[in-house]
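upload.cif (mmCIF, C-alpha atoms) appears below.
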```cif
data_structure
loop_
_atom_site.label_atom_id
_atom_site.label_comp_id
_atom_site.auth_asym_id
_atom_site.auth_seq_id
_atom_site.Cartn_x
_atom_site.Cartn_y
_atom_site.Cartn_z
CA MET A 1 93.21 153.22 95.43
CA ARG A 2 92.62 154.38 91.92
CA ARG A 3 92.32 157.88 93.18
CA ALA A 4 95.57 157.50 95.03
CA ILE A 5 97.33 156.43 91.88
CA LEU A 6 95.97 159.33 89.91
CA TRP A 7 97.03 161.60 92.64
CA LEU A 8 100.48 160.09 92.61
CA VAL A 9 100.73 160.62 88.89
CA GLY A 10 99.77 164.19 89.35
CA ALA A 11 102.21 164.61 92.12
CA ALA A 12 104.87 163.04 90.01
CA PHE A 13 104.47 165.57 87.27
CA GLY A 14 104.52 168.38 89.70
CA THR A 15 107.64 167.03 91.18
CA ALA A 16 109.38 166.30 87.95
CA LEU A 17 108.68 169.78 86.78
CA LEU A 18 109.79 171.27 90.00
CA VAL A 19 113.01 169.43 89.82
CA GLY A 20 113.52 170.48 86.29
CA VAL A 21 112.77 174.09 86.96
CA LYS A 22 115.07 174.14 89.82
CA ALA A 23 117.82 172.61 87.78
CA GLN A 24 117.42 175.21 85.15
CA GLY A 25 117.98 177.86 87.68
CA ALA A 26 121.42 178.43 88.92
CA VAL A 27 121.45 175.27 90.94
CA PRO A 28 124.41 173.19 89.93
CA ALA A 29 123.47 170.04 88.20
CA GLY A 30 123.45 166.87 90.16
CA ILE A 31 122.08 167.86 93.49
CA ALA A 32 118.48 168.50 92.74
CA ALA A 33 117.11 165.02 93.15
CA GLU A 34 115.65 165.61 96.58
CA ALA A 35 114.08 168.88 95.58
CA PRO A 36 110.38 168.52 96.35
CA VAL A 37 110.53 169.61 99.89
CA ASP A 38 106.85 170.03 100.42
CA SER A 39 105.80 167.08 98.38
CA PRO A 40 103.55 165.20 100.75
CA VAL A 41 103.80 161.92 98.91
CA VAL A 42 106.43 159.92 100.61
CA ALA A 43 109.47 161.33 102.17
CA GLY A 44 112.55 160.55 100.23
CA ASP A 45 112.76 160.07 96.54
CA ALA A 46 110.63 161.71 93.98
CA PRO A 47 107.40 159.82 93.62
CA ALA A 48 106.49 157.59 90.76
CA ALA A 49 105.02 158.39 87.45
CA THR A 50 103.24 155.61 85.67
CA ALA A 51 103.62 154.31 82.20
CA GLY A 52 101.27 155.65 79.60
CA THR A 53 101.80 159.24 80.46
CA THR A 54 102.67 161.56 77.66
CA THR A 55 106.10 162.84 77.98
CA THR A 56 105.53 166.07 76.17
CA LYS A 57 104.08 169.15 77.73
CA PRO A 58 102.41 167.76 80.78
CA GLU A 59 99.23 169.43 81.85
CA PRO A 60 99.61 171.42 84.94
CA SER A 61 98.03 168.85 87.12
CA ALA A 62 99.21 170.86 90.02
CA SER A 63 95.60 171.18 90.99
CA LYS A 64 96.13 167.90 92.75
CA ALA A 65 99.76 168.16 93.48
CA PRO A 66 100.27 170.79 96.08
CA ALA A 67 101.43 173.73 94.09
CA PRO A 68 104.35 175.18 95.89
CA ALA A 69 103.29 178.59 97.04
CA GLY A 70 101.82 179.92 93.84
CA LYS A 71 104.75 181.88 92.67
CA ALA A 72 106.88 180.59 89.85
CA SER A 73 104.11 178.31 88.74
CA PRO A 74 105.72 175.16 87.46
CA THR A 75 104.29 175.35 83.99
CA PRO A 76 107.11 176.24 81.74
CA ARG A 77 106.94 177.19 78.09
CA ARG A 78 103.53 178.70 78.25
CA THR A 79 104.75 182.17 78.81
CA THR A 80 104.62 183.74 75.41
CA LYS A 81 107.32 186.14 76.25
CA PRO A 82 110.55 184.40 76.88
CA ALA A 83 111.77 187.18 79.03
CA THR A 84 114.52 185.53 80.93
CA THR A 85 115.03 182.42 78.95
CA PRO A 86 118.62 181.38 79.07
CA LYS A 87 118.75 181.12 75.31
CA LYS A 88 120.81 184.27 75.01
CA THR A 89 123.55 183.53 77.39
CA THR A 90 125.88 181.25 75.61
CA ALA A 91 127.35 180.02 78.83
CA ALA A 92 124.06 178.77 80.16
CA PRO A 93 124.62 175.38 81.69
CA ALA A 94 123.04 172.72 79.56
CA PRO A 95 120.19 171.13 81.46
CA ALA A 96 121.56 168.13 83.18
CA ARG A 97 120.29 164.76 82.27
CA ARG A 98 119.36 162.88 85.33
CA THR A 99 117.65 159.72 86.39
CA ILE A 100 115.10 160.02 89.12
CA THR A 101 113.73 156.96 90.79
CA GLY A 102 110.27 156.97 92.22
CA THR A 103 109.20 155.32 95.38
CA ALA A 104 108.01 151.74 95.21
CA VAL A 105 104.25 151.66 95.22
CA PRO A 106 102.47 148.47 96.22
CA ALA A 107 100.82 147.03 93.15
CA SER A 108 99.91 143.54 94.18
CA ASP A 109 100.43 141.17 97.03
CA PHE A 110 103.74 140.15 95.65
CA GLY A 111 105.37 143.26 94.49
CA SER A 112 105.51 146.91 93.88
CA MET A 113 105.85 149.11 90.89
CA GLN A 114 108.73 151.47 90.85
CA VAL A 115 109.33 153.89 88.07
CA SER A 116 112.44 155.70 87.13
CA ILE A 117 112.51 158.57 84.71
CA VAL A 118 115.27 160.19 82.79
CA VAL A 119 114.86 163.93 82.57
CA THR A 120 116.68 166.63 80.75
CA GLY A 121 115.71 169.83 82.37
CA THR A 122 111.95 169.64 82.56
CA HIS A 123 111.64 167.19 79.77
CA ILE A 124 110.99 163.56 80.59
CA ASP A 125 113.09 161.64 78.14
CA SER A 126 112.09 158.20 79.15
CA ILE A 127 110.15 156.29 81.71
CA SER A 128 111.07 152.84 82.79
CA THR A 129 109.08 150.63 85.05
CA LEU A 130 110.61 148.26 87.49
CA GLN A 131 108.68 145.57 89.20
CA VAL A 132 109.98 144.96 92.61
CA SER A 133 109.28 141.97 94.75
CA ASN A 134 107.77 142.78 98.09
CA ARG A 135 109.86 140.14 99.65
CA PRO A 136 113.46 140.80 100.42
CA LYS A 137 115.13 141.13 97.03
CA THR A 138 114.40 141.07 93.41
CA VAL A 139 114.71 137.83 91.54
CA ALA A 140 117.86 138.94 89.87
CA ALA A 141 119.50 139.51 93.18
CA THR A 142 118.51 136.25 94.77
CA LEU A 143 118.29 133.73 91.97
CA THR A 144 121.15 133.10 89.64
CA GLN A 145 120.35 132.94 85.99
CA GLN A 146 122.24 130.38 84.02
CA ALA A 147 122.09 128.71 80.68
CA LEU A 148 119.60 125.96 80.34
CA ALA A 149 122.00 123.12 79.79
CA ALA A 150 121.06 119.55 79.15
CA GLN A 151 122.92 116.86 80.98
CA SER A 152 122.57 113.23 80.25
CA ALA A 153 120.07 111.47 82.41
CA ASN A 154 122.47 109.04 83.93
CA VAL A 155 120.81 109.27 87.31
CA GLY A 156 118.38 106.71 88.61
CA ASN A 157 115.87 109.01 90.24
CA VAL A 158 114.45 112.03 88.52
CA SER A 159 112.22 114.76 89.85
CA GLY A 160 109.84 116.17 87.31
CA ALA A 161 106.30 117.22 86.68
CA THR A 162 103.90 114.43 87.47
CA TYR A 163 103.48 112.15 84.56
CA SER A 164 100.70 109.79 83.76
CA SER A 165 101.25 106.13 84.40
CA ASP A 166 99.63 105.21 81.08
CA ALA A 167 102.72 105.41 78.93
CA TRP A 168 104.74 103.84 81.68
CA LYS A 169 102.42 100.87 81.82
CA GLN A 170 102.49 100.47 78.08
CA SER A 171 106.23 100.62 77.95
CA LEU A 172 106.49 98.27 80.85
CA GLN A 173 104.22 95.81 79.18
CA SER A 174 106.17 95.97 75.97
CA ALA A 175 109.33 95.34 77.90
CA ILE A 176 107.73 92.46 79.71
CA GLY A 177 106.57 91.14 76.37
CA ARG A 178 110.16 90.89 75.26
CA ILE A 179 111.29 88.85 78.18
CA MET B 1 133.25 102.76 92.59
CA THR B 2 130.44 101.50 94.68
CA GLN B 3 128.16 98.82 93.51
CA THR B 4 124.53 99.48 94.05
CA HIS B 5 123.31 97.20 96.74
CA PHE B 6 119.78 98.27 97.41
CA LEU B 7 117.83 95.45 98.85
CA VAL B 8 114.53 96.45 97.38
CA ARG B 9 113.60 98.77 94.59
CA ARG B 10 110.09 98.51 93.27
CA SER B 11 107.85 100.62 91.07
CA VAL B 12 104.07 100.46 90.99
CA ALA B 13 101.41 102.39 89.13
CA VAL B 14 99.40 104.20 91.76
CA MET B 15 97.63 107.57 92.11
CA GLY B 16 97.53 107.85 88.33
CA THR B 17 101.28 107.93 88.14
CA VAL B 18 104.25 105.75 89.01
CA ALA B 19 105.66 105.38 92.49
CA THR B 20 109.04 103.93 93.32
CA ILE B 21 110.37 102.83 96.68
CA GLU B 22 113.94 101.93 97.32
CA LEU B 23 115.33 100.59 100.58
CA ARG B 24 119.03 100.48 101.30
CA ASP B 25 119.10 98.96 104.76
CA SER B 26 119.67 95.34 105.47
CA PHE B 27 116.74 93.42 106.85
CA ALA B 28 116.31 89.87 107.85
CA GLY B 29 114.08 87.58 105.88
CA GLY B 30 111.34 89.22 103.91
CA GLU B 31 111.10 92.26 106.16
CA ALA B 32 112.19 94.72 103.48
CA ASP B 33 109.58 93.43 101.07
CA ARG B 34 106.95 93.60 103.76
CA LEU B 35 107.80 97.25 104.51
CA VAL B 36 107.61 98.15 100.83
CA ASP B 37 104.29 96.34 100.51
CA GLN B 38 102.96 98.37 103.42
CA ALA B 39 104.18 101.61 101.89
CA PHE B 40 102.51 100.89 98.56
CA ALA B 41 99.35 99.85 100.37
CA TRP B 42 99.38 103.24 102.07
CA LEU B 43 99.72 105.08 98.75
CA ALA B 44 96.84 103.06 97.33
CA GLU B 45 94.74 103.92 100.36
CA VAL B 46 95.51 107.60 99.90
CA ASP B 47 94.42 107.29 96.30
CA ARG B 48 91.13 105.69 97.30
CA ARG B 49 90.37 108.40 99.81
CA PHE B 50 91.73 111.50 98.10
CA SER B 51 91.47 110.93 94.37
CA THR B 52 89.32 113.41 92.50
CA TYR B 53 89.04 110.81 89.75
CA ARG B 54 87.12 108.44 91.99
CA PRO B 55 83.53 109.50 92.57
CA ASP B 56 83.43 107.53 95.81
CA SER B 57 86.55 109.02 97.39
CA GLU B 58 86.11 111.08 100.51
CA ILE B 59 87.31 114.16 98.67
CA SER B 60 84.82 113.68 95.84
CA ARG B 61 81.97 113.11 98.29
CA LEU B 62 83.02 116.07 100.39
CA GLY B 63 83.26 118.23 97.27
CA ARG B 64 79.75 117.23 96.21
CA GLY B 65 78.40 117.88 99.66
CA ASP B 66 77.54 114.23 100.29
CA LEU B 67 79.87 114.29 103.23
CA ARG B 68 80.53 116.93 105.83
CA LEU B 69 84.05 117.74 106.94
CA ALA B 70 83.31 116.48 110.43
CA GLN B 71 82.44 113.09 108.97
CA CYS B 72 85.73 112.76 107.12
CA SER B 73 88.67 110.72 108.31
CA PRO B 74 91.31 112.42 110.44
CA ASP B 75 93.71 112.27 107.49
CA VAL B 76 91.36 114.21 105.26
CA ARG B 77 90.74 116.79 107.94
CA GLU B 78 94.46 117.12 108.58
CA VAL B 79 95.26 117.53 104.89
CA LEU B 80 92.58 120.14 104.36
CA GLY B 81 93.75 121.99 107.45
CA ARG B 82 97.31 122.06 106.11
CA CYS B 83 96.02 123.21 102.73
CA ALA B 84 94.22 126.08 104.42
CA ASP B 85 97.49 127.03 106.13
CA LEU B 86 99.27 126.93 102.79
CA TRP B 87 96.59 129.05 101.22
CA ARG B 88 97.57 131.74 103.69
CA THR B 89 101.31 131.13 103.40
CA THR B 90 101.15 131.49 99.62
CA ASP B 91 98.88 134.53 99.68
CA GLY B 92 96.12 132.47 98.11
CA TYR B 93 98.11 131.02 95.24
CA PHE B 94 97.93 127.51 96.59
CA ASP B 95 94.20 127.07 96.44
CA VAL B 96 92.43 123.72 96.59
CA TYR B 97 89.47 125.42 94.91
CA ALA B 98 91.51 127.08 92.15
CA GLY B 99 89.86 124.91 89.52
CA GLY B 100 86.38 125.29 90.98
CA ALA B 101 85.92 121.93 92.65
CA LEU B 102 87.76 120.78 95.75
CA ASP B 103 91.10 119.32 94.65
CA PRO B 104 93.92 119.02 97.19
CA SER B 105 96.10 116.93 94.84
CA GLY B 106 98.87 119.53 94.89
CA TYR B 107 99.43 118.68 98.52
CA VAL B 108 98.31 115.09 98.77
CA LYS B 109 100.94 113.44 96.64
CA GLY B 110 103.84 115.00 98.49
CA TRP B 111 102.14 114.42 101.80
CA SER B 112 101.49 110.74 101.11
CA VAL B 113 105.12 110.21 100.11
CA GLN B 114 106.26 111.98 103.21
CA VAL B 115 104.07 109.87 105.47
CA ALA B 116 105.31 106.73 103.74
CA SER B 117 108.86 107.87 104.31
CA GLU B 118 108.21 108.63 107.97
CA ARG B 119 106.70 105.20 108.49
CA LEU B 120 109.67 103.53 106.84
CA THR B 121 112.02 105.43 109.10
CA ALA B 122 110.00 104.49 112.16
CA ALA B 123 110.18 100.84 111.11
CA GLY B 124 113.96 101.01 110.96
CA ALA B 125 114.42 101.57 107.24
CA VAL B 126 116.40 104.74 107.77
CA ASP B 127 118.07 104.79 104.33
CA HIS B 128 115.45 104.95 101.64
CA LEU B 129 113.90 106.83 98.76
CA VAL B 130 110.23 107.26 97.95
CA ASP B 131 109.19 108.76 94.63
CA ALA B 132 105.65 109.39 93.44
CA GLY B 133 105.49 110.76 89.94
CA GLY B 134 108.63 112.86 90.32
CA ASP B 135 108.10 114.07 93.88
CA ILE B 136 110.90 112.50 95.82
CA GLN B 137 111.76 112.10 99.48
CA THR B 138 115.11 110.63 100.49
CA ARG B 139 116.36 109.68 103.93
CA GLY B 140 119.79 108.72 105.09
CA ARG B 141 122.23 107.54 102.48
CA PRO B 142 122.18 105.12 99.58
CA ALA B 143 125.40 103.64 100.91
CA PRO B 144 127.90 104.63 103.57
CA GLY B 145 129.69 107.79 102.51
CA LEU B 146 127.44 108.44 99.54
CA GLU B 147 124.65 110.89 99.04
CA TRP B 148 121.44 110.44 97.13
CA GLU B 149 121.45 111.88 93.65
CA ILE B 150 118.27 113.27 92.22
CA GLY B 151 118.07 114.51 88.66
CA VAL B 152 115.79 117.39 87.74
CA ARG B 153 114.21 116.75 84.41
CA HIS B 154 114.89 119.02 81.48
CA PRO B 155 111.48 120.43 80.59
CA TRP B 156 111.89 120.05 76.84
CA GLN B 157 114.10 117.00 76.61
CA ALA B 158 112.56 114.14 78.48
CA ASP B 159 115.77 112.16 78.45
CA SER B 160 117.92 114.98 79.81
CA LEU B 161 118.42 116.71 83.11
CA CYS B 162 118.84 120.36 84.05
CA TRP B 163 120.49 119.70 87.37
CA VAL B 164 121.63 116.84 89.49
CA LEU B 165 120.95 117.41 93.17
CA SER B 166 122.61 115.52 95.95
CA GLY B 167 122.13 115.18 99.67
CA THR B 168 120.97 112.90 102.43
CA ASP B 169 117.54 113.98 103.64
CA LEU B 170 116.05 115.70 100.64
CA ALA B 171 112.52 116.53 99.68
CA VAL B 172 112.42 117.42 95.99
CA ALA B 173 109.16 118.41 94.33
CA THR B 174 108.74 119.58 90.78
CA SER B 175 105.67 121.15 89.31
CA GLY B 176 105.47 122.03 85.66
CA THR B 177 103.39 122.40 82.58
CA TYR B 178 105.26 120.04 80.28
CA GLU B 179 103.65 116.77 81.26
CA ARG B 180 100.00 117.53 81.69
CA GLY B 181 99.80 120.87 79.95
CA LEU B 182 98.54 124.04 81.57
CA HIS B 183 96.83 122.36 84.47
CA VAL B 184 97.76 124.77 87.25
CA ILE B 185 95.16 127.48 87.61
CA ASP B 186 96.05 130.98 88.74
CA PRO B 187 93.32 131.51 91.33
CA ARG B 188 93.50 135.27 90.80
CA THR B 189 92.48 135.03 87.17
CA GLY B 190 90.88 131.61 87.00
CA ARG B 191 93.03 130.92 83.99
CA PRO B 192 95.85 128.42 83.50
CA ALA B 193 99.27 129.67 84.53
CA GLY B 194 101.88 129.34 81.80
CA GLN B 195 104.91 131.52 82.48
CA LEU B 196 106.95 128.96 84.36
CA ARG B 197 107.55 125.67 82.64
CA SER B 198 109.21 123.90 85.50
CA VAL B 199 109.57 124.74 89.18
CA THR B 200 111.58 122.54 91.50
CA VAL B 201 111.55 123.17 95.23
CA VAL B 202 113.91 121.47 97.65
CA GLY B 203 113.19 121.45 101.35
CA ARG B 204 112.75 119.15 104.30
CA ASP B 205 109.02 118.58 104.01
CA LEU B 206 107.89 117.18 100.68
CA ALA B 207 104.24 118.11 101.10
CA VAL B 208 105.15 121.75 101.62
CA ALA B 209 107.75 121.70 98.85
CA ASP B 210 105.14 120.28 96.48
CA ALA B 211 102.59 122.91 97.43
CA PHE B 212 105.19 125.69 97.09
CA ALA B 213 106.17 124.47 93.64
CA THR B 214 102.53 124.42 92.58
CA ALA B 215 101.93 127.89 94.03
CA ALA B 216 104.96 129.29 92.21
CA VAL B 217 103.69 127.94 88.90
CA ALA B 218 100.37 129.61 89.62
CA MET B 219 102.12 132.91 90.39
CA GLY B 220 104.09 132.93 87.18
CA GLU B 221 107.31 134.90 87.08
CA ALA B 222 106.45 136.72 90.27
CA GLY B 223 106.72 133.30 91.86
CA MET B 224 110.47 133.34 91.41
CA GLY B 225 110.93 136.24 93.75
CA TRP B 226 108.56 134.64 96.17
CA LEU B 227 110.41 131.33 96.08
CA ALA B 228 113.71 133.07 96.58
CA SER B 229 112.46 134.53 99.81
CA LEU B 230 111.29 131.30 101.39
CA PRO B 231 113.48 130.32 104.33
CA GLY B 232 114.65 126.74 104.33
CA HIS B 233 113.79 126.12 100.70
CA GLU B 234 115.87 126.14 97.55
CA CYS B 235 114.57 126.29 94.05
CA GLY B 236 115.34 125.82 90.38
CA VAL B 237 113.08 127.40 87.79
CA VAL B 238 112.85 127.20 84.03
CA THR B 239 110.64 129.78 82.36
CA GLU B 240 108.48 129.09 79.36
CA ASP B 241 110.87 131.10 77.20
CA GLY B 242 113.80 128.99 78.28
CA ARG B 243 115.47 131.05 80.95
CA CYS B 244 116.86 129.06 83.81
CA TYR B 245 117.26 130.25 87.40
CA ARG B 246 118.32 128.66 90.60
CA SER B 247 118.91 129.70 94.15
CA ASP B 248 122.52 129.78 95.16
CA ARG B 249 122.16 127.08 97.77
CA LEU B 250 120.33 124.63 95.58
CA PRO B 251 122.23 121.43 96.41
CA VAL B 252 123.59 120.89 92.94
CA ARG B 253 126.12 118.14 92.78
CA ALA B 254 129.52 119.65 92.19
CA THR B 255 130.82 117.18 89.69
CA GLY B 256 129.55 116.35 86.24
CA ALA B 257 129.04 118.60 83.29
CA SER B 258 130.34 121.79 84.84
CA ALA B 259 133.57 120.19 85.99
CA LYS B 260 133.95 118.65 82.61
CA GLU B 261 133.44 121.95 80.91
CA ARG B 262 135.95 123.58 83.19
CA ALA B 263 138.43 120.91 82.24
CA GLY B 264 138.05 121.95 78.66
CA THR B 265 136.33 118.84 77.45
CA ALA B 266 133.74 119.54 74.85
CA PRO B 267 130.38 119.21 76.56
CA GLN B 268 128.86 116.49 74.50
CA ALA B 269 125.60 114.72 74.90
CA GLU B 270 127.42 111.58 75.79
CA GLY B 271 127.18 110.07 79.21
CA ILE B 272 128.78 112.00 81.98
CA GLY B 273 130.29 110.12 84.83
CA ARG B 274 128.30 110.45 88.01
CA ARG B 275 130.77 109.12 90.47
CA VAL B 276 132.84 111.46 92.52
#
```
Take the structure from the file and write it as structure tokens.
Amino acid sequence: MRRAILWLVGAAFGTALLVGVKAQGAVPAGIAAEAPVDSPVVAGDAPAATAGTTTTKPEPSASKAPAPAGKASPTPRRTTKPATTPKKTTAAPAPARRTITGTAVPASDFGSMQVSIVVTGTHIDSISTLQVSNRPKTVAATLTQQALAAQSANVGNVSGATYSSDAWKQSLQSAIGRI
Amino acid sequence: MTQTHFLVRRSVAVMGTVATIELRDSFAGGEADRLVDQAFAWLAEVDRRFSTYRPDSEISRLGRGDLRLAQCSPDVREVLGRCADLWRTTDGYFDVYAGGALDPSGYVKGWSVQVASERLTAAGAVDHLVDAGGDIQTRGRPAPGLEWEIGVRHPWQADSLCWVLSGTDLAVATSGTYERGLHVIDPRTGRPAGQLRSVTVVGRDLAVADAFATAAVAMGEAGMGWLASLPGHECGVVTEDGRCYRSDRLPVRATGASAKERAGTAPQAEGIGRRV
């Protein structure tokens, strides 16, 4: 299990980088979300990263993530010679800022962890963690939040946490004493 | 305006708390009193056999190993069987061993009320209410054309309500931390659960509703999502930090504070009319 999570983290970096790299190429912004074709994680969305990861300069953990065919190794910025960096061309499209949602990964019997990241190019700007109920919907979708309002207790029968009969007996006796 | 015309309403200290029984049907002679006597006798019997505070109860003897399950009464075996089912239904969060020793109290109170209610119905008292320490079962109607009204206690203000529920056949169970402190143990951690201050579950079967409310408290906030997914049950939850949630079909009575607020009247702490 632990290994699987580590592996997922690794895969996530690989994927995030891949996506970023691809976006920096001539691919128009906005369509790259499904990029990792050969990511074996789970078909569909980009997989999850977990909280606690450093957002700057991720190690090339591609040793675990299946490095896509060697070429164009997804470790940017290490090349000392910025040969074809788009810095020169003034018209270079600014790296798009996108939100990528990971798959929901079972974390306990009652829910999953799902992470979404905001990336600009290859840079992970932020990571947010969602906890998702395993059962049909999240709480927010199925329970309505409302203000905790106090109504007067003008109702004869009240459901509440079980109370001890001690105080009740005392009060009752005091009332009886006043008869 | 309907005048209350219950024939019998009586409260008795039993099971360490207070139980109330109210009958609304007409009976000849002292029949209503006799039925209520029988119902209270049943609750007292349950207390003798199931109380963890009595060293000589079946549950205490079973827990100590002085008694084997096969030697227990059919009621005890039935209750423990149902508790085992609920342990599975709640993914282990309703656990009669959560605190270490055998303690099925989270099921027994609701179950005993439910059995009392079933016996009243079988005896012809089809319109009644049974309440044991805030776990309430209603049947029928308090009067022709009226529904039962059950308040849900405000977890910080003992003299206030969060909601007023209404209906005919209602099972309303509330579990919370505000009366007896952090007494619900999260069986996964062995520590007291404290995220949810009050959980109310409404269903048809009070024993199950009671167990579900207890399990949700044990789960903490994850319990809200779990409750929301339970078919046939509605819930109202107040978190320890004062957030308040309810399922959309919680049978909240339509009138009262909300109507008053809509009408532009300042929502004061004064009495709010309960009659439709």
Practice problem: With a cut-off of 7 Å and counting only C-alpha atoms, select all residues of chain B in contact with chain A and give the selection as JSON, numbers by chain. | Solution: {"B": [13, 16, 17, 18, 133, 134, 135, 136, 149, 150, 151, 152, 153, 154, 159, 160, 161, 162, 172, 173, 174, 175, 176, 179, 222, 224, 225, 226, 228, 229, 242, 243, 244, 245, 246, 247, 248, 257, 269, 270, 271, 272]}
Quiz item: For the file shown, what are the residues hit by the PyMOL selection byres ((chain A and resi 119) around 8), laid out as a ChimeraX atom specification?
Solution: /A:20,96-100,117-118,120-126
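What the PyMOL selection byres ((chain B and resi 187-193) around 7) matches in the given file is Tyr93, Asp95, Ala98, Leu182, His183, Val184, Ile185, Asp186, Gly194, Gln195, Val217, Ala218 and Gly220 of chain B.
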Practice problem: On this file, the PyMOL selection byres ((chain B and resi 69-79) around 9) gives some set of residues; write that set as a list in words. | Solution: Arg49, Phe50, Glu58, Ile59, Leu62, Leu67, Arg68, Leu80, Gly81, Arg82, Cys83, Ala84, Pro104, Tyr107, Val108 and Trp111 of chain B
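Here CA of Leu23 in chain B is placed at a distance of 19.1 Å from CA of Arg204 in chain B.
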Exercise. Rounded to one decimal place, report the CA of Leu129 in chain B-CA of Pro231 in chain B distance in Å.
Key: 24.1 Å
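Closest approach to Gln137 in chain B among B:Asp241, B:Ala122, B:Gly110, B:Arg249 is made by B:Gly110 (distances from all atoms listed in the file).
The gap separating CA of Gln114 in chain B from CA of Val12 in chain B is 16.9 Å, in Å to one decimal.
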Practice problem: Find the residues around Val36 in chain B up to 10 Å (only C-alpha atoms counted), leave out those fewer than 6 positions away in its own chain, and share them as a PyMOL selection string. | Solution: chain B and resi 8-10+20-23+42+116+120+125+130
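If you measure from each of B:Val238, B:Arg180, B:Leu227, B:Gly63 to Tyr97 in chain B using all atoms listed in the file, the closest one turns out to be B:Gly63.
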Could the centre and edge lengths of an axis-aligned box, enclosing all atoms of range 65-72 of chain B in the file with 6 Å extra on each side, be given in Å to one decimal as AutoDock Vina command-line options?
```
--center_x 81.6 --center_y 115.3 --center_z 105.0 --size_x 20.2 --size_y 17.1 --size_z 22.8
```
